[in-house]
$ cat data.cif   # mmCIF, C-alpha atoms
data_final
loop_
_atom_site.label_atom_id
_atom_site.label_comp_id
_atom_site.auth_asym_id
_atom_site.auth_seq_id
_atom_site.Cartn_x
_atom_site.Cartn_y
_atom_site.Cartn_z
CA MET A 1 137.81 26.40 230.33
CA ASP A 2 136.97 28.77 233.18
CA PRO A 3 139.93 28.77 235.66
CA GLU A 4 137.73 28.16 238.71
CA TYR A 5 136.01 25.27 236.99
CA SER A 6 139.37 23.91 235.88
CA SER A 7 140.62 23.93 239.48
CA GLN A 8 137.65 21.78 240.55
CA TYR A 9 137.86 19.39 237.63
CA ALA A 10 139.91 16.67 239.34
CA THR A 11 137.45 16.45 242.24
CA LEU A 12 134.52 16.32 239.84
CA TYR A 13 136.19 13.67 237.71
CA HIS A 14 136.85 11.36 240.63
CA SER A 15 133.54 11.86 242.46
CA HIS A 16 130.71 13.35 240.38
CA TRP A 17 128.16 10.87 238.97
CA TRP A 18 128.35 12.34 235.44
CA TRP A 19 132.08 11.78 235.07
CA ARG A 20 131.93 8.34 236.68
CA ALA A 21 129.12 7.20 234.37
CA ARG A 22 130.79 8.64 231.27
CA GLU A 23 134.06 6.88 232.04
CA ALA A 24 132.23 3.59 232.60
CA LEU A 25 130.66 3.92 229.14
CA ILE A 26 133.98 4.77 227.49
CA LEU A 27 135.85 1.91 229.14
CA ASP A 28 133.11 -0.54 228.22
CA ARG A 29 133.37 0.54 224.58
CA LEU A 30 137.17 0.25 224.61
CA ARG A 31 137.03 -3.28 226.05
CA LYS A 32 135.02 -4.32 223.02
CA LEU A 33 137.31 -2.46 220.62
CA VAL A 34 140.81 -3.33 221.87
CA PRO A 35 142.67 -6.19 220.15
CA GLU A 36 143.61 -9.23 222.23
CA ASP A 37 147.20 -8.11 222.68
CA GLY A 38 146.25 -4.48 223.32
CA TRP A 39 147.27 -1.35 221.46
CA ASP A 40 150.86 -0.20 221.19
CA ARG A 41 150.24 3.52 221.64
CA VAL A 42 147.27 5.62 222.72
CA LEU A 43 146.97 9.41 222.79
CA ASP A 44 144.41 11.31 224.87
CA VAL A 45 143.88 14.78 223.40
CA GLY A 46 142.87 17.41 225.95
CA CYS A 47 144.11 15.21 228.77
CA GLY A 48 144.24 17.96 231.41
CA ASP A 49 146.16 16.61 234.38
CA GLY A 50 146.15 13.13 232.89
CA LEU A 51 143.03 12.03 234.76
CA THR A 52 142.00 9.44 232.15
CA LEU A 53 145.49 8.17 231.36
CA GLY A 54 145.55 5.64 234.18
CA SER A 55 142.33 4.05 232.94
CA LEU A 56 143.57 4.04 229.34
CA ALA A 57 146.84 2.39 230.38
CA GLN A 58 145.09 -0.96 230.80
CA PHE A 59 144.58 -1.09 227.04
CA ALA A 60 148.01 -0.07 225.71
CA GLN A 61 151.76 -0.43 226.06
CA GLU A 62 152.21 3.34 225.99
CA VAL A 63 149.72 6.06 226.87
CA GLU A 64 150.42 9.72 226.17
CA GLY A 65 148.48 12.93 226.59
CA LEU A 66 148.26 16.27 224.82
CA GLU A 67 147.17 19.34 226.77
CA VAL A 68 146.99 22.92 225.51
CA ASP A 69 147.36 24.47 229.01
CA PRO A 70 150.62 23.41 230.68
CA THR A 71 149.69 25.09 233.97
CA ILE A 72 147.11 22.39 234.81
CA VAL A 73 149.54 19.48 234.40
CA SER A 74 151.05 18.60 237.79
CA PRO A 75 154.63 17.30 238.32
CA PRO A 76 153.45 13.88 239.65
CA THR A 77 151.45 13.35 236.46
CA LEU A 78 154.44 14.31 234.31
CA GLN A 79 156.54 11.76 236.21
CA ARG A 80 153.99 9.00 235.61
CA PHE A 81 152.96 9.72 232.03
CA ARG A 82 154.32 11.42 228.96
CA ILE A 83 152.24 14.54 228.39
CA HIS A 84 152.88 16.90 225.50
CA THR A 85 151.78 20.50 225.79
CA GLY A 86 150.45 22.50 222.88
CA VAL A 87 147.77 22.56 220.23
CA LEU A 88 146.75 19.63 218.08
CA ASP A 89 148.24 20.92 214.83
CA ASP A 90 151.26 20.37 212.58
CA LYS A 91 153.63 21.51 215.34
CA PHE A 92 152.70 18.41 217.30
CA ASP A 93 154.75 15.82 215.46
CA PRO A 94 155.54 12.75 217.59
CA ALA A 95 158.06 10.20 216.37
CA ASP A 96 155.52 7.37 216.22
CA ARG A 97 151.86 7.09 215.31
CA TYR A 98 148.96 6.04 217.52
CA ASP A 99 146.60 3.08 217.37
CA LEU A 100 143.91 5.02 219.24
CA ILE A 101 143.32 8.71 219.79
CA THR A 102 140.69 9.77 222.30
CA MET A 103 139.03 13.19 222.33
CA LEU A 104 136.73 13.09 225.34
CA ASP A 105 134.56 16.20 225.49
CA VAL A 106 137.28 18.16 223.75
CA LEU A 107 136.03 18.86 220.22
CA GLU A 108 133.40 21.35 221.40
CA HIS A 109 136.21 23.53 222.80
CA ILE A 110 138.02 23.77 219.45
CA LYS A 111 137.17 26.62 217.09
CA ASP A 112 138.32 24.67 214.01
CA PRO A 113 137.36 21.04 214.69
CA VAL A 114 138.04 20.00 211.09
CA ALA A 115 141.70 21.00 211.33
CA ALA A 116 142.09 19.20 214.66
CA LEU A 117 140.48 16.05 213.33
CA GLN A 118 142.59 16.17 210.18
CA ARG A 119 145.70 16.23 212.33
CA SER A 120 144.32 13.35 214.40
CA ARG A 121 143.84 11.36 211.19
CA GLU A 122 147.44 12.04 210.17
CA LEU A 123 148.69 10.82 213.55
CA LEU A 124 146.95 7.46 213.34
CA ALA A 125 148.82 4.25 212.65
CA PRO A 126 147.35 1.96 209.97
CA GLY A 127 144.05 0.61 211.26
CA GLY A 128 143.92 3.26 213.99
CA SER A 129 140.74 4.80 215.38
CA VAL A 130 139.52 8.02 216.98
CA LEU A 131 137.06 7.81 219.87
CA ILE A 132 135.11 11.00 220.52
CA THR A 133 132.56 12.22 223.06
CA VAL A 134 130.84 15.60 222.73
CA PRO A 135 127.82 17.40 224.19
CA ALA A 136 124.71 16.98 222.05
CA PHE A 137 122.06 19.33 220.61
CA ARG A 138 122.22 23.12 220.49
CA ALA A 139 118.72 23.14 221.97
CA LEU A 140 120.31 21.91 225.22
CA TRP A 141 122.74 24.84 225.47
CA THR A 142 122.87 26.20 229.02
CA ASN A 143 125.13 28.40 231.13
CA HIS A 144 127.27 25.31 231.67
CA ASP A 145 128.34 25.56 228.01
CA ASP A 146 129.29 29.20 228.53
CA VAL A 147 131.35 28.39 231.62
CA ASN A 148 133.19 25.72 229.67
CA HIS A 149 133.81 27.97 226.65
CA HIS A 150 132.07 25.66 224.22
CA PHE A 151 131.75 26.65 220.58
CA THR A 152 128.91 24.28 219.77
CA ARG A 153 127.03 21.10 220.62
CA TYR A 154 126.73 18.29 218.08
CA THR A 155 124.22 15.86 216.66
CA ARG A 156 124.97 12.53 215.01
CA ARG A 157 124.55 14.22 211.64
CA THR A 158 126.69 17.31 212.28
CA LEU A 159 129.48 15.30 213.90
CA SER A 160 129.46 12.84 211.00
CA GLU A 161 129.73 15.77 208.57
CA VAL A 162 132.71 17.24 210.43
CA LEU A 163 134.40 13.84 210.50
CA GLN A 164 133.81 13.34 206.78
CA GLU A 165 135.24 16.76 205.97
CA SER A 166 138.30 15.79 208.02
CA GLY A 167 138.92 12.62 206.02
CA LEU A 168 137.42 10.34 208.67
CA THR A 169 134.42 8.08 208.40
CA CYS A 170 132.06 7.61 211.33
CA LEU A 171 131.81 3.88 211.98
CA GLU A 172 129.26 4.25 214.76
CA SER A 173 127.69 6.92 216.94
CA SER A 174 125.17 6.88 219.75
CA TYR A 175 123.68 9.26 222.25
CA PHE A 176 123.90 8.72 225.98
CA PHE A 177 122.49 10.39 229.10
CA GLN A 178 119.03 10.17 227.54
CA TRP A 179 117.31 10.58 230.90
CA LEU A 180 119.07 13.93 231.34
CA VAL A 181 117.41 15.58 228.31
CA ALA A 182 114.25 16.68 230.16
CA PRO A 183 116.12 18.12 233.19
CA LYS A 184 118.52 19.89 230.82
CA LEU A 185 115.61 21.49 228.94
CA ALA A 186 114.13 22.57 232.26
CA VAL A 187 117.42 24.18 233.30
CA ARG A 188 117.63 25.98 229.96
CA ALA A 189 114.08 27.31 230.34
CA TYR A 190 114.77 28.47 233.91
CA GLU A 191 117.97 30.26 232.86
CA ARG A 192 116.18 32.05 230.02
CA LEU A 193 113.17 32.96 232.13
CA PHE A 194 115.07 34.32 235.13
CA ASP A 195 118.27 35.41 233.32
CA SER A 196 120.32 33.43 235.84
CA ARG A 197 124.08 33.71 235.94
CA PRO A 198 126.40 30.77 235.22
CA SER A 199 127.27 28.63 238.22
CA HIS A 200 129.80 25.87 238.66
CA THR A 201 128.95 22.19 238.91
CA ARG A 202 128.65 20.80 242.42
CA ILE A 203 128.71 17.21 243.62
CA PRO A 204 125.28 16.17 244.96
CA ALA A 205 124.76 14.52 248.35
CA ALA A 206 126.33 11.06 248.45
CA ALA A 207 123.12 9.02 248.16
CA LEU A 208 121.79 11.12 245.28
CA ASN A 209 125.17 11.16 243.57
CA ARG A 210 125.39 7.36 243.72
CA GLY A 211 121.79 6.97 242.59
CA LEU A 212 122.30 9.15 239.52
CA GLU A 213 125.43 7.22 238.59
CA LEU A 214 123.59 3.91 238.85
CA LEU A 215 120.67 5.29 236.82
CA SER A 216 123.04 6.45 234.09
CA ARG A 217 124.92 3.15 233.98
CA PHE A 218 121.68 1.19 233.83
CA GLU A 219 120.56 3.39 230.94
CA GLN A 220 123.85 2.74 229.14
CA ARG A 221 123.17 -0.99 229.23
CA THR A 222 119.60 -0.59 228.00
CA VAL A 223 118.21 2.57 226.41
CA SER A 224 121.55 3.87 225.10
CA ARG A 225 121.85 0.84 222.83
CA LEU A 226 118.97 2.35 220.84
CA ARG A 227 121.34 4.81 219.24
CA VAL A 228 118.79 7.14 217.68
CA ILE A 229 117.15 8.17 220.99
CA PRO A 230 118.40 11.70 221.82
CA GLY A 231 120.68 12.24 224.79
CA THR A 232 122.69 15.12 226.19
CA SER A 233 125.97 13.55 225.02
CA LEU A 234 127.21 11.75 221.94
CA LEU A 235 129.89 9.07 221.48
CA ALA A 236 131.42 8.31 218.08
CA LEU A 237 134.08 6.02 216.68
CA ALA A 238 135.86 7.02 213.46
CA ARG A 239 138.62 5.80 211.17
CA PRO A 240 140.36 7.31 208.15
CA VAL A 241 138.49 7.16 204.86
CA LYS A 242 140.13 4.77 202.44
CA GLY A 243 141.42 6.35 199.27
CA PRO A 244 141.88 10.07 198.52
CA THR A 245 140.81 12.50 201.25
CA ARG A 246 140.01 16.17 201.24
CA SER A 247 142.99 18.30 202.22
#
$ encode --input "data.cif" --output "C-alpha cells"
Amino acid sequence: MDPEYSSQYATLYHSHWWWRAREALILDRLRKLVPEDGWDRVLDVGCGDGLTLGSLAQFAQEVEGLEVDPTIVSPPTLQRFRIHTGVLDDKFDPADRYDLITMLDVLEHIKDPVAALQRSRELLAPGGSVLITVPAFRALWTNHDDVNHHFTRYTRRTLSEVLQESGLTCLESSYFFQWLVAPKLAVRAYERLFDSRPSHTRIPAAALNRGLELLSRFEQRTVSRLRVIPGTSLLALARPVKGPTRS
C-alpha cells in the first residue's frame, strides 16, 4: 500500500462512508454465521493497526491479527490485541487453529493468492471458515487500484476458481456496492481520457458522506441480496473441501 494512503487509512476507516458500509455488511454476515456460544479464535489477515479487531471481538473469545508491515501497528494496539507480523505462509505457525479467518480486501494485494489461501486452509480448525472481501471486475480498474498496489480484481467465477485451487470450496458469494458501478466506470473513462494521475481518497462533506453510507446500507438489505447483480466489491465465504485436496 502507498505510504501516504496507509497513513490516512485509520481516518478513512472510522469516517468514510465506504468503510462504514462495508463493515456493516461484514458484521451483519458474521452475526448470521457465528454459533450461539461464539467462536474460540478468530484471525484477521492483513489487519493493519488492528482496526477491525475490536468489532470482531464481539464474536470470539480470542481475536488475533496478522500484518505484513510491522511499522503500521501501534503500541496501544499491540497492548490490546495479539498481532503477529509477517507473511501468511508456512513461517506463520500459531500454536492453535482458528474457527474463522477474515481476509478483508487483502487478497488483491497478494501476488500468489493460492498459496495464501492454502495456508489459511491449513490454519483452520475443524468446521472453520474463511470470509473474504475483494474488489470486483477488471473493467473497473482505476488509479485507486494502482495507489493500493493491487494485482487484480475478481469476479465470482475467478475467486471461486482460486479458492478451489487452494483446497477451499466457495459456499456463497455476492457482489455489493452495485450502485457504485456506473460512477466507477465514469471515473475509469475520465482517467483514460485525460491521463489523470492517481489521487488519494478523501472523505466527502458530512451530509454527502452520511447519505452515501445510508444508500449503501439500504442497497445491502435489498439489491445486494440478488447475488448475481454486479457490484464494485465481492464477498465470499469458503470452507475446506472434504477429502483429498490439491497440494
$ atom_distance --input "data.cif" --atom1 "CA of Trp39 in chain A" --atom2 "CA of Leu168 in chain A"
19.9 Å
$ closest_atom_pairs --input "data.cif" --of "range 79-193 of chain A" --to "range 213-222 of chain A" --cutoff "12 Å" --atoms "only C-alpha atoms" --output "Markdown table"
| residue | atom | partner | partner_atom | distance |
| --- | --- | --- | --- | --- |
| A:Ser174 | CA | A:Gln220 | CA | 10.3 |
| A:Tyr175 | CA | A:Gln220 | CA | 9.5 |
| A:Phe176 | CA | A:Gln220 | CA | 6.8 |
| A:Phe177 | CA | A:Ser216 | CA | 6.4 |
| A:Gln178 | CA | A:Glu219 | CA | 7.7 |
| A:Trp179 | CA | A:Ser216 | CA | 7.8 |
| A:Leu180 | CA | A:Ser216 | CA | 8.9 |
$ axis_aligned_box --input "data.cif" --around "range 195-208 of chain A" --padding-each-side "8 Å" --output "AutoDock Vina command-line options"
--center_x 124.0 --center_y 22.2 --center_z 240.9 --size_x 27.5 --size_y 42.4 --size_z 31.1
$ closest_residue --input "data.cif" --among "A:Asp44, A:Ser173, A:Pro113, A:Arg97" --to "Ser224 in chain A" --atoms "all atoms listed in the file"
A:Ser173
$ resolve_selection --input "data.cif" --expression "the PyMOL selection byres ((chain A and resi 236) around 7)" --output "compact mmCIF listing (two decimals) with C-alpha atoms, in the coordinates of the input"
# COMPACT_ATOMS: atom_id res chain seq x y z
CA LEU A 131 137.06 7.81 219.87
CA ILE A 132 135.11 11.00 220.52
CA THR A 133 132.56 12.22 223.06
CA CYS A 170 132.06 7.61 211.33
CA GLU A 172 129.26 4.25 214.76
CA SER A 173 127.69 6.92 216.94
CA SER A 174 125.17 6.88 219.75
CA LEU A 234 127.21 11.75 221.94
CA LEU A 235 129.89 9.07 221.48
CA LEU A 237 134.08 6.02 216.68
CA ALA A 238 135.86 7.02 213.46
$ closest_residue --input "data.cif" --among "A:Leu30, A:Ala182, A:Val147, A:Val114" --to "Gly231 in chain A" --atoms "all atoms listed in the file"
A:Ala182
$ residues_around --input "data.cif" --residues "range 149-163 of chain A" --least-positions-apart "4" --cutoff "6 Å" --atoms "only C-alpha atoms" --output "list in words"
Met1, Glu108, His109, Pro135, Ala136, Phe137, Arg138, Asp145, Leu168 and Cys170 of chain A
$ residues_around --input "data.cif" --residues "range 199-203 of chain A" --least-positions-apart "2" --cutoff "10 Å" --atoms "all atoms listed in the file" --output "number ranges by chain"
A: 2, 4-5, 8-9, 11-12, 15-18, 143-144, 146-148, 196-197, 205-206, 208-209
$ residues_around --input "data.cif" --residues "range 51-55 of chain A" --least-positions-apart "3" --cutoff "12 Å" --atoms "only C-alpha atoms" --output "ChimeraX atom specification"
/A:9-14,19-20,22-24,26-28,30-31,41-48,58-67,72-74,76-78,80-83,101-104
$ closest_residue --input "data.cif" --among "A:Leu123, A:Gly50, A:Val34, A:Pro230" --to "Pro75 in chain A" --atoms "only C-alpha atoms"
A:Gly50
$ atom_distance --input "data.cif" --atom1 "CA of Asp69 in chain A" --atom2 "CA of Arg119 in chain A"
18.7 Å
$ atom_distance --input "data.cif" --atom1 "CA of Ala115 in chain A" --atom2 "CA of Ile229 in chain A"
29.3 Å
$ closest_residue --input "data.cif" --among "A:Gln118, A:Ser129, A:Ser166, A:Thr232" --to "Asp89 in chain A" --atoms "all atoms listed in the file"
A:Gln118
$ resolve_selection --input "data.cif" --expression "the PyMOL selection byres ((chain A and resi 187-189) around 8)" --output "PyMOL selection string"
chain A and resi 140-143+183-186+190-193
$ resolve_selection --input "data.cif" --expression "the PyMOL selection byres ((chain A and resi 125) around 7)" --output "number ranges by chain"
A: 97-99, 123-124, 126-128
$ write_last_selection --input "data.cif" --atoms "C-alpha atoms" --output "CSV table (one decimal), keeping the file's coordinate frame"
chain,number,residue,atom,x,y,z
A,97,ARG,CA,151.9,7.1,215.3
A,98,TYR,CA,149.0,6.0,217.5
A,99,ASP,CA,146.6,3.1,217.4
A,123,LEU,CA,148.7,10.8,213.6
A,124,LEU,CA,147.0,7.5,213.3
A,126,PRO,CA,147.4,2.0,210.0
A,127,GLY,CA,144.0,0.6,211.3
A,128,GLY,CA,143.9,3.3,214.0
